[in-house]
file my_file_13.txt (compact mmCIF, C-alpha atoms and all ligand atoms)
# COMPACT_ATOMS: atom_id res chain seq x y z
CA MET V 104 18.67 20.74 -12.17
CA CYS V 105 18.79 17.03 -11.21
CA MET V 106 14.99 16.82 -11.07
CA ASN V 107 13.48 14.00 -13.08
CA GLU V 108 10.10 12.31 -13.50
CA VAL V 109 10.75 9.67 -10.81
CA ILE V 110 11.72 12.19 -8.13
CA LYS V 111 8.82 14.42 -9.16
CA THR V 112 6.37 11.53 -8.77
CA ILE V 113 7.78 10.71 -5.31
CA LEU V 114 7.59 14.34 -4.17
CA GLU V 115 4.04 14.76 -5.47
CA ARG V 116 2.56 11.56 -4.05
CA ARG V 117 -0.26 12.07 -1.56
CA SER V 118 -2.78 9.77 0.05
CA VAL V 119 -5.97 9.87 -2.01
CA ARG V 120 -9.21 8.98 -0.25
CA LYS V 121 -11.89 10.05 -2.76
CA PHE V 122 -12.37 8.29 -6.06
CA SER V 123 -14.44 8.80 -9.20
CA GLY V 124 -16.31 5.78 -10.51
CA LYS V 125 -13.98 5.37 -13.51
CA PRO V 126 -12.66 1.80 -13.82
CA ILE V 127 -8.91 1.17 -13.99
CA GLU V 128 -7.41 -0.26 -17.15
CA ARG V 129 -6.13 -3.84 -16.72
CA GLU V 130 -2.73 -2.88 -18.11
CA LYS V 131 -2.31 -0.26 -15.37
CA ILE V 132 -3.25 -2.76 -12.64
CA GLU V 133 -0.65 -5.20 -13.94
CA LEU V 134 2.02 -2.48 -14.01
CA ILE V 135 1.19 -1.50 -10.43
CA LEU V 136 1.50 -5.11 -9.25
CA ARG V 137 4.74 -5.50 -11.18
CA ALA V 138 6.09 -2.39 -9.42
CA GLY V 139 5.17 -3.94 -6.06
CA MET V 140 7.00 -7.15 -6.88
CA SER V 141 10.10 -5.20 -7.96
CA ALA V 142 10.72 -4.08 -4.38
CA PRO V 143 13.81 -5.20 -2.50
CA SER V 144 13.35 -7.97 0.09
CA ALA V 145 15.69 -9.52 2.63
CA ARG V 146 17.75 -12.21 0.88
CA ASN V 147 15.38 -11.75 -2.04
CA ARG V 148 12.82 -14.04 -0.36
CA GLN V 149 9.86 -12.04 -1.80
CA PRO V 150 7.63 -13.27 1.05
CA TRP V 151 4.46 -11.67 -0.25
CA LYS V 152 1.12 -12.20 -1.91
CA PHE V 153 -0.90 -9.43 -3.56
CA PHE V 154 -4.69 -9.76 -3.65
CA ALA V 155 -6.17 -7.59 -6.41
CA VAL V 156 -9.86 -7.20 -5.59
CA ASP V 157 -12.18 -5.64 -8.16
CA ASP V 158 -15.37 -7.48 -7.23
CA ARG V 159 -17.82 -4.85 -5.94
CA ASP V 160 -19.42 -7.16 -3.38
CA LEU V 161 -16.03 -8.09 -1.89
CA LEU V 162 -14.91 -4.43 -1.85
CA ASN V 163 -18.10 -3.47 -0.02
CA ARG V 164 -17.69 -6.27 2.52
CA LEU V 165 -14.11 -5.18 3.19
CA ALA V 166 -15.31 -1.58 3.63
CA ASP V 167 -18.05 -2.79 6.02
CA GLU V 168 -15.53 -4.47 8.31
CA LEU V 169 -12.46 -2.22 8.10
CA PRO V 170 -13.04 0.99 10.09
CA TYR V 171 -10.32 2.99 8.29
CA ALA V 172 -10.86 1.71 4.75
CA LYS V 173 -14.32 3.05 4.00
CA MET V 174 -12.89 4.47 0.72
CA LEU V 175 -13.35 0.94 -0.64
CA TYR V 176 -17.04 1.76 -1.14
CA GLN V 177 -15.96 4.08 -4.00
CA ALA V 178 -12.65 2.58 -5.11
CA PRO V 179 -12.81 0.24 -8.14
CA LEU V 180 -9.79 -1.70 -6.86
CA GLY V 181 -8.33 -2.78 -3.54
CA ILE V 182 -4.85 -4.25 -3.33
CA ILE V 183 -4.19 -6.23 -0.18
CA VAL V 184 -0.47 -6.65 0.41
CA CYS V 185 0.20 -9.71 2.56
CA GLY V 186 3.24 -11.32 4.09
CA ASP V 187 3.50 -14.99 3.16
CA ILE V 188 5.04 -16.52 6.27
CA ARG V 189 3.68 -20.03 5.96
CA ASP V 190 7.22 -21.48 5.92
CA LYS V 191 8.05 -21.48 9.65
CA GLU V 192 11.65 -22.56 8.87
CA ASP V 193 12.33 -19.46 6.77
CA MET V 194 13.69 -17.19 9.49
CA THR V 195 14.52 -14.44 6.99
CA ALA V 196 10.91 -14.12 5.90
CA GLN V 197 9.63 -14.55 9.48
CA THR V 198 11.92 -11.72 10.65
CA PHE V 199 11.73 -9.24 7.78
CA TRP V 200 8.35 -9.70 6.08
CA VAL V 201 6.97 -6.38 7.36
CA GLN V 202 9.90 -4.42 5.91
CA ASP V 203 9.76 -6.42 2.66
CA CYS V 204 6.05 -5.84 2.20
CA SER V 205 6.32 -2.18 3.20
CA ALA V 206 8.88 -1.65 0.43
CA ALA V 207 6.41 -3.25 -1.99
CA VAL V 208 3.61 -0.98 -0.74
CA GLU V 209 5.65 2.17 -1.33
CA ASN V 210 6.52 0.99 -4.85
CA ILE V 211 2.80 0.46 -5.46
CA LEU V 212 1.90 3.93 -4.17
CA ILE V 213 4.51 5.58 -6.40
CA ALA V 214 3.48 3.56 -9.45
CA VAL V 215 -0.15 4.52 -8.80
CA GLN V 216 0.79 8.22 -8.65
CA SER V 217 2.83 7.97 -11.85
CA LEU V 218 -0.17 6.54 -13.73
CA GLY V 219 -2.54 9.39 -12.79
CA LEU V 220 -4.32 7.25 -10.19
CA GLY V 221 -4.61 7.71 -6.44
CA ALA V 222 -4.34 5.37 -3.45
CA VAL V 223 -3.93 5.25 0.31
CA TRP V 224 -2.22 2.79 2.67
CA THR V 225 -4.81 1.59 5.21
CA ALA V 226 -3.32 -0.46 7.99
CA CYS V 227 -4.12 -4.07 8.87
CA TYR V 228 -1.13 -5.70 10.64
CA PRO V 229 -0.46 -5.52 13.58
CA LYS V 230 -4.09 -4.86 14.50
CA ASP V 231 -5.63 -8.30 15.02
CA ASP V 232 -9.18 -7.43 13.99
CA ARG V 233 -7.97 -5.66 10.81
CA VAL V 234 -5.86 -8.69 9.89
CA ARG V 235 -8.72 -11.12 10.45
CA ALA V 236 -11.36 -9.22 8.44
CA PRO V 237 -9.69 -9.58 5.01
CA GLN V 238 -8.56 -13.12 5.92
CA LYS V 239 -12.19 -14.08 6.50
CA ILE V 240 -13.68 -12.24 3.50
CA LEU V 241 -11.02 -13.33 0.97
CA ASN V 242 -10.41 -16.86 2.31
CA ILE V 243 -6.83 -16.04 3.23
CA PRO V 244 -5.14 -18.76 5.29
CA ASP V 245 -3.47 -18.01 8.66
CA GLY V 246 0.15 -17.89 7.41
CA ILE V 247 -0.68 -15.19 4.85
CA VAL V 248 -0.94 -11.98 6.86
CA PRO V 249 -2.52 -8.78 5.47
CA LEU V 250 -0.18 -5.85 6.10
CA CYS V 251 -2.47 -3.27 4.54
CA VAL V 252 -5.37 -2.67 2.20
CA ILE V 253 -4.75 -0.12 -0.56
CA PRO V 254 -7.88 1.36 -2.16
CA VAL V 255 -6.95 2.51 -5.69
CA GLY V 256 -8.85 4.58 -8.23
CA TYR V 257 -8.99 7.70 -10.33
CA PRO V 258 -8.97 10.64 -7.89
CA ASP V 259 -12.10 12.68 -7.37
CA GLY V 260 -10.57 16.15 -6.90
CA ASP V 261 -7.04 17.35 -6.27
CA THR V 262 -4.68 16.42 -3.43
CA PRO V 263 -1.84 18.91 -3.86
CA PRO V 264 1.69 18.01 -2.80
CA VAL V 265 2.88 19.17 0.64
CA GLU V 266 6.42 20.07 1.67
CA LYS V 267 7.65 17.48 4.18
CA PHE V 268 11.35 18.27 3.99
CA ARG V 269 12.67 19.03 7.50
CA GLU V 270 16.29 20.06 7.80
CA GLU V 271 16.21 19.14 11.53
CA ASN V 272 15.53 15.49 10.68
CA ILE V 273 18.88 15.11 8.96
CA ILE V 274 21.97 14.23 10.98
CA TRP V 275 25.21 14.72 9.10
CA ASN V 276 27.62 12.25 10.63
CA LYS V 277 27.49 12.03 14.48
CA PHE V 278 24.57 12.97 16.72
CA GLU V 279 25.50 16.00 18.80
CA GLY V 280 23.05 15.85 21.79
C1 LIG J 301 1.70 2.33 8.36
C2 LIG J 301 0.65 3.28 7.82
C3 LIG J 301 -0.66 3.11 8.16
C4 LIG J 301 -1.65 3.97 7.66
N1 LIG J 301 -2.96 3.71 7.94
C5 LIG J 301 -3.92 4.51 7.42
C6 LIG J 301 -5.29 4.19 7.61
O1 LIG J 301 -5.64 3.18 8.25
N2 LIG J 301 -6.23 4.99 7.05
C7 LIG J 301 -5.87 6.10 6.31
O2 LIG J 301 -6.77 6.80 5.82
N3 LIG J 301 -4.57 6.42 6.08
C8 LIG J 301 -3.59 5.65 6.61
N4 LIG J 301 -2.27 5.91 6.34
C9 LIG J 301 -1.91 7.06 5.49
C10 LIG J 301 -1.36 8.23 6.32
O3 LIG J 301 -2.39 8.81 7.08
C11 LIG J 301 -0.69 9.26 5.38
O4 LIG J 301 0.32 8.64 4.64
C12 LIG J 301 -0.14 10.46 6.14
O5 LIG J 301 -1.17 11.19 6.75
C13 LIG J 301 0.66 11.38 5.24
O6 LIG J 301 -0.13 11.86 4.17
P1 LIG J 301 0.30 11.64 2.64
O7 LIG J 301 0.34 10.16 2.40
O8 LIG J 301 -0.76 12.35 1.84
O9 LIG J 301 1.65 12.24 2.45
C14 LIG J 301 -1.28 5.06 6.82
C15 LIG J 301 0.07 5.22 6.46
C16 LIG J 301 1.02 4.33 6.94
C17 LIG J 301 2.47 4.49 6.48

call {"tool": "encode", "arguments": {"input": "my_file_13.txt", "output": "structure tokens"}}
result
Amino acid sequence: MCMNEVIKTILERRSVRKFSGKPIEREKIELILRAGMSAPSARNRQPWKFFAVDDRDLLNRLADELPYAKMLYQAPLGIIVCGDIRDKEDMTAQTFWVQDCSAAVENILIAVQSLGLGAVWTACYPKDDRVRAPQKILNIPDGIVPLCVIPVGYPDGDTPPVEKFREENIIWNKFEG
């Protein structure tokens, strides 16, 4: 009754880990990045940088060094969402960058789904080695911290929606032991 396209996209989103070789249209990539940057952030600091990597050699090198992002060997695009915490005086960004960037990541995943593409959040921060690998390969300075690498592409095969609704995870008003 109240169902609409946005809710449908959110409910149908799944992690996609297999990609066809089809390249992604530039217009779609720009829309996805725009969706990421539309996320809320604490005091609207927007403490983020988005690396859009479509160079095959760089994607392969990232896949070589990131144990849980091997999908980058097939994906035509990797988006690396980073916290920009170079300003040590900005306590808002220093404190909330993970939440800010996570909101951007979810926006990206939903935008990807809505455009008929697929993607998966692969973690970097807070694992030191997974933060350092993209920093080294993409020349990212120390104060710009990779939160995750998101391989993106046209899905190879179906990843059907799953029901994750759990009544027991909702507390109406007070917790009753
Ligand atoms: C913080 C975080 C880290 C994740 N890291 C990885 C990862 O390194 N590799 C991977 O394949 N999936 C990773 N995922 C994706 C989860 O495995 C996936 O979202 C979960 O299994 C639920 O499946 P769904 O996204 O299809 O609903 C991560 C998700 C989150 C939120």

call {"tool": "atom_distance", "arguments": {"input": "my_file_13.txt", "atom1": "CA of Leu212 in chain V", "atom2": "CA of Met104 in chain V"}}
result
25.1 Å

call {"tool": "residues_near_ligand", "arguments": {"input": "my_file_13.txt", "ligand": "ligand LIG 301 (chain J)", "cutoff": "9 Å", "atoms": "all atoms listed in the file", "output": "number ranges by chain"}}
result
V: 115-120, 169-174, 205, 209, 222-228, 250-252, 262-265, 267

call {"tool": "residues_around", "arguments": {"input": "my_file_13.txt", "residues": "range 185-198 of chain V", "least_positions_apart": "2", "cutoff": "8 Å", "atoms": "all atoms listed in the file", "output": "compact mmCIF listing (two decimals) with C-alpha atoms, in the frame of the given file"}}
result
# COMPACT_ATOMS: atom_id res chain seq x y z
CA ALA V 145 15.69 -9.52 2.63
CA ARG V 146 17.75 -12.21 0.88
CA ARG V 148 12.82 -14.04 -0.36
CA PRO V 150 7.63 -13.27 1.05
CA TRP V 151 4.46 -11.67 -0.25
CA LYS V 152 1.12 -12.20 -1.91
CA PHE V 153 -0.90 -9.43 -3.56
CA PHE V 154 -4.69 -9.76 -3.65
CA ILE V 183 -4.19 -6.23 -0.18
CA TRP V 200 8.35 -9.70 6.08
CA VAL V 201 6.97 -6.38 7.36
CA CYS V 204 6.05 -5.84 2.20
CA ASP V 245 -3.47 -18.01 8.66
CA GLY V 246 0.15 -17.89 7.41
CA ILE V 247 -0.68 -15.19 4.85
CA VAL V 248 -0.94 -11.98 6.86
CA PRO V 249 -2.52 -8.78 5.47
CA LEU V 250 -0.18 -5.85 6.10
CA CYS V 251 -2.47 -3.27 4.54

call {"tool": "closest_residue", "arguments": {"input": "my_file_13.txt", "among": "V:Val109, V:Leu241, V:Leu180, V:Val156", "to": "Pro126 in chain V", "atoms": "only C-alpha atoms"}}
result
V:Leu180

call {"tool": "closest_residue", "arguments": {"input": "my_file_13.txt", "among": "V:Leu162, V:Ile132, V:Cys105, V:Val234", "to": "Ala214 in chain V", "atoms": "only C-alpha atoms"}}
result
V:Ile132

call {"tool": "atom_distance", "arguments": {"input": "my_file_13.txt", "atom1": "CA of Glu108 in chain V", "atom2": "CA of Phe122 in chain V"}}
result
24.0 Å

call {"tool": "closest_residue", "arguments": {"input": "my_file_13.txt", "among": "V:Leu220, V:Asn276, V:Val208, V:Asp231", "to": "Ala138 in chain V", "atoms": "all atoms listed in the file"}}
result
V:Val208

call {"tool": "residues_near_point", "arguments": {"input": "my_file_13.txt", "point": "(-1.3, -1.0, -12.2)", "cutoff": "10 Å", "atoms": "all atoms listed in the file", "output": "list in words"}}
result
Ile127, Glu128, Arg129, Glu130, Lys131, Ile132, Glu133, Leu134, Ile135, Leu136, Arg137, Ala138, Gly139, Ile211, Leu212, Ala214, Val215, Ser217, Leu218, Leu220 and Val255 of chain V

call {"tool": "atom_distance", "arguments": {"input": "my_file_13.txt", "atom1": "CA of Ala166 in chain V", "atom2": "CA of Lys230 in chain V"}}
result
16.0 Å

call {"tool": "decode", "arguments": {"input": "my_file_13.txt", "residues": "range 158-183 of chain V", "atoms": "N, CA and C atoms", "output": "PDB file, in the first residue's frame"}}
result
ATOM      1  N   ASP V 158      40.896   1.833 -13.597  1.00  0.00           N
ATOM      2  CA  ASP V 158      42.116   1.398 -14.264  1.00  0.00           C
ATOM      3  C   ASP V 158      42.357  -0.077 -13.917  1.00  0.00           C
ATOM      4  N   ARG V 159      42.401  -0.924 -14.936  1.00  0.00           N
ATOM      5  CA  ARG V 159      42.465  -2.376 -14.711  1.00  0.00           C
ATOM      6  C   ARG V 159      43.686  -2.787 -13.890  1.00  0.00           C
ATOM      7  N   ASP V 160      44.825  -2.155 -14.163  1.00  0.00           N
ATOM      8  CA  ASP V 160      46.041  -2.504 -13.432  1.00  0.00           C
ATOM      9  C   ASP V 160      45.886  -2.181 -11.938  1.00  0.00           C
ATOM     10  N   LEU V 161      45.321  -1.007 -11.651  1.00  0.00           N
ATOM     11  CA  LEU V 161      45.122  -0.631 -10.237  1.00  0.00           C
ATOM     12  C   LEU V 161      44.114  -1.563  -9.565  1.00  0.00           C
ATOM     13  N   LEU V 162      43.020  -1.898 -10.277  1.00  0.00           N
ATOM     14  CA  LEU V 162      42.016  -2.812  -9.705  1.00  0.00           C
ATOM     15  C   LEU V 162      42.655  -4.170  -9.391  1.00  0.00           C
ATOM     16  N   ASN V 163      43.496  -4.646 -10.301  1.00  0.00           N
ATOM     17  CA  ASN V 163      44.153  -5.940 -10.068  1.00  0.00           C
ATOM     18  C   ASN V 163      45.110  -5.875  -8.884  1.00  0.00           C
ATOM     19  N   ARG V 164      45.818  -4.754  -8.769  1.00  0.00           N
ATOM     20  CA  ARG V 164      46.770  -4.633  -7.642  1.00  0.00           C
ATOM     21  C   ARG V 164      46.023  -4.560  -6.314  1.00  0.00           C
ATOM     22  N   LEU V 165      44.872  -3.881  -6.317  1.00  0.00           N
ATOM     23  CA  LEU V 165      44.059  -3.848  -5.089  1.00  0.00           C
ATOM     24  C   LEU V 165      43.578  -5.265  -4.750  1.00  0.00           C
ATOM     25  N   ALA V 166      43.102  -5.977  -5.773  1.00  0.00           N
ATOM     26  CA  ALA V 166      42.631  -7.359  -5.552  1.00  0.00           C
ATOM     27  C   ALA V 166      43.766  -8.245  -5.030  1.00  0.00           C
ATOM     28  N   ASP V 167      44.978  -8.055  -5.573  1.00  0.00           N
ATOM     29  CA  ASP V 167      46.137  -8.843  -5.109  1.00  0.00           C
ATOM     30  C   ASP V 167      46.345  -8.688  -3.607  1.00  0.00           C
ATOM     31  N   GLU V 168      46.167  -7.472  -3.118  1.00  0.00           N
ATOM     32  CA  GLU V 168      46.588  -7.178  -1.733  1.00  0.00           C
ATOM     33  C   GLU V 168      45.455  -7.188  -0.715  1.00  0.00           C
ATOM     34  N   LEU V 169      44.200  -7.202  -1.189  1.00  0.00           N
ATOM     35  CA  LEU V 169      43.077  -7.179  -0.243  1.00  0.00           C
ATOM     36  C   LEU V 169      42.423  -8.558  -0.217  1.00  0.00           C
ATOM     37  N   PRO V 170      42.571  -9.281   0.904  1.00  0.00           N
ATOM     38  CA  PRO V 170      42.142 -10.691   0.935  1.00  0.00           C
ATOM     39  C   PRO V 170      40.645 -10.892   0.714  1.00  0.00           C
ATOM     40  N   TYR V 171      39.824  -9.876   1.047  1.00  0.00           N
ATOM     41  CA  TYR V 171      38.367 -10.045   0.931  1.00  0.00           C
ATOM     42  C   TYR V 171      37.774  -9.208  -0.204  1.00  0.00           C
ATOM     43  N   ALA V 172      38.616  -8.774  -1.120  1.00  0.00           N
ATOM     44  CA  ALA V 172      38.111  -7.949  -2.230  1.00  0.00           C
ATOM     45  C   ALA V 172      38.583  -8.515  -3.563  1.00  0.00           C
ATOM     46  N   LYS V 173      38.634  -9.838  -3.641  1.00  0.00           N
ATOM     47  CA  LYS V 173      39.109 -10.471  -4.878  1.00  0.00           C
ATOM     48  C   LYS V 173      38.155 -10.214  -6.051  1.00  0.00           C
ATOM     49  N   MET V 174      36.901  -9.792  -5.733  1.00  0.00           N
ATOM     50  CA  MET V 174      35.931  -9.470  -6.801  1.00  0.00           C
ATOM     51  C   MET V 174      36.449  -8.350  -7.710  1.00  0.00           C
ATOM     52  N   LEU V 175      37.440  -7.611  -7.227  1.00  0.00           N
ATOM     53  CA  LEU V 175      37.984  -6.514  -8.040  1.00  0.00           C
ATOM     54  C   LEU V 175      38.665  -7.019  -9.307  1.00  0.00           C
ATOM     55  N   TYR V 176      39.016  -8.312  -9.352  1.00  0.00           N
ATOM     56  CA  TYR V 176      39.581  -8.862 -10.594  1.00  0.00           C
ATOM     57  C   TYR V 176      38.548  -8.819 -11.724  1.00  0.00           C
ATOM     58  N   GLN V 177      37.252  -8.929 -11.377  1.00  0.00           N
ATOM     59  CA  GLN V 177      36.198  -8.898 -12.409  1.00  0.00           C
ATOM     60  C   GLN V 177      35.509  -7.536 -12.515  1.00  0.00           C
ATOM     61  N   ALA V 178      35.431  -6.823 -11.393  1.00  0.00           N
ATOM     62  CA  ALA V 178      34.640  -5.587 -11.375  1.00  0.00           C
ATOM     63  C   ALA V 178      35.293  -4.509 -12.249  1.00  0.00           C
ATOM     64  N   PRO V 179      34.477  -3.779 -13.037  1.00  0.00           N
ATOM     65  CA  PRO V 179      35.045  -2.702 -13.852  1.00  0.00           C
ATOM     66  C   PRO V 179      35.303  -1.421 -13.054  1.00  0.00           C
ATOM     67  N   LEU V 180      34.802  -1.400 -11.809  1.00  0.00           N
ATOM     68  CA  LEU V 180      34.935  -0.176 -11.003  1.00  0.00           C
ATOM     69  C   LEU V 180      35.116  -0.543  -9.538  1.00  0.00           C
ATOM     70  N   GLY V 181      35.987   0.175  -8.868  1.00  0.00           N
ATOM     71  CA  GLY V 181      36.085   0.075  -7.410  1.00  0.00           C
ATOM     72  C   GLY V 181      35.955   1.481  -6.842  1.00  0.00           C
ATOM     73  N   ILE V 182      35.049   1.623  -5.870  1.00  0.00           N
ATOM     74  CA  ILE V 182      34.933   2.920  -5.191  1.00  0.00           C
ATOM     75  C   ILE V 182      35.524   2.738  -3.793  1.00  0.00           C
ATOM     76  N   ILE V 183      36.498   3.558  -3.477  1.00  0.00           N
ATOM     77  CA  ILE V 183      37.108   3.487  -2.147  1.00  0.00           C
ATOM     78  C   ILE V 183      36.613   4.702  -1.377  1.00  0.00           C
TER      79      ILE V 183
END
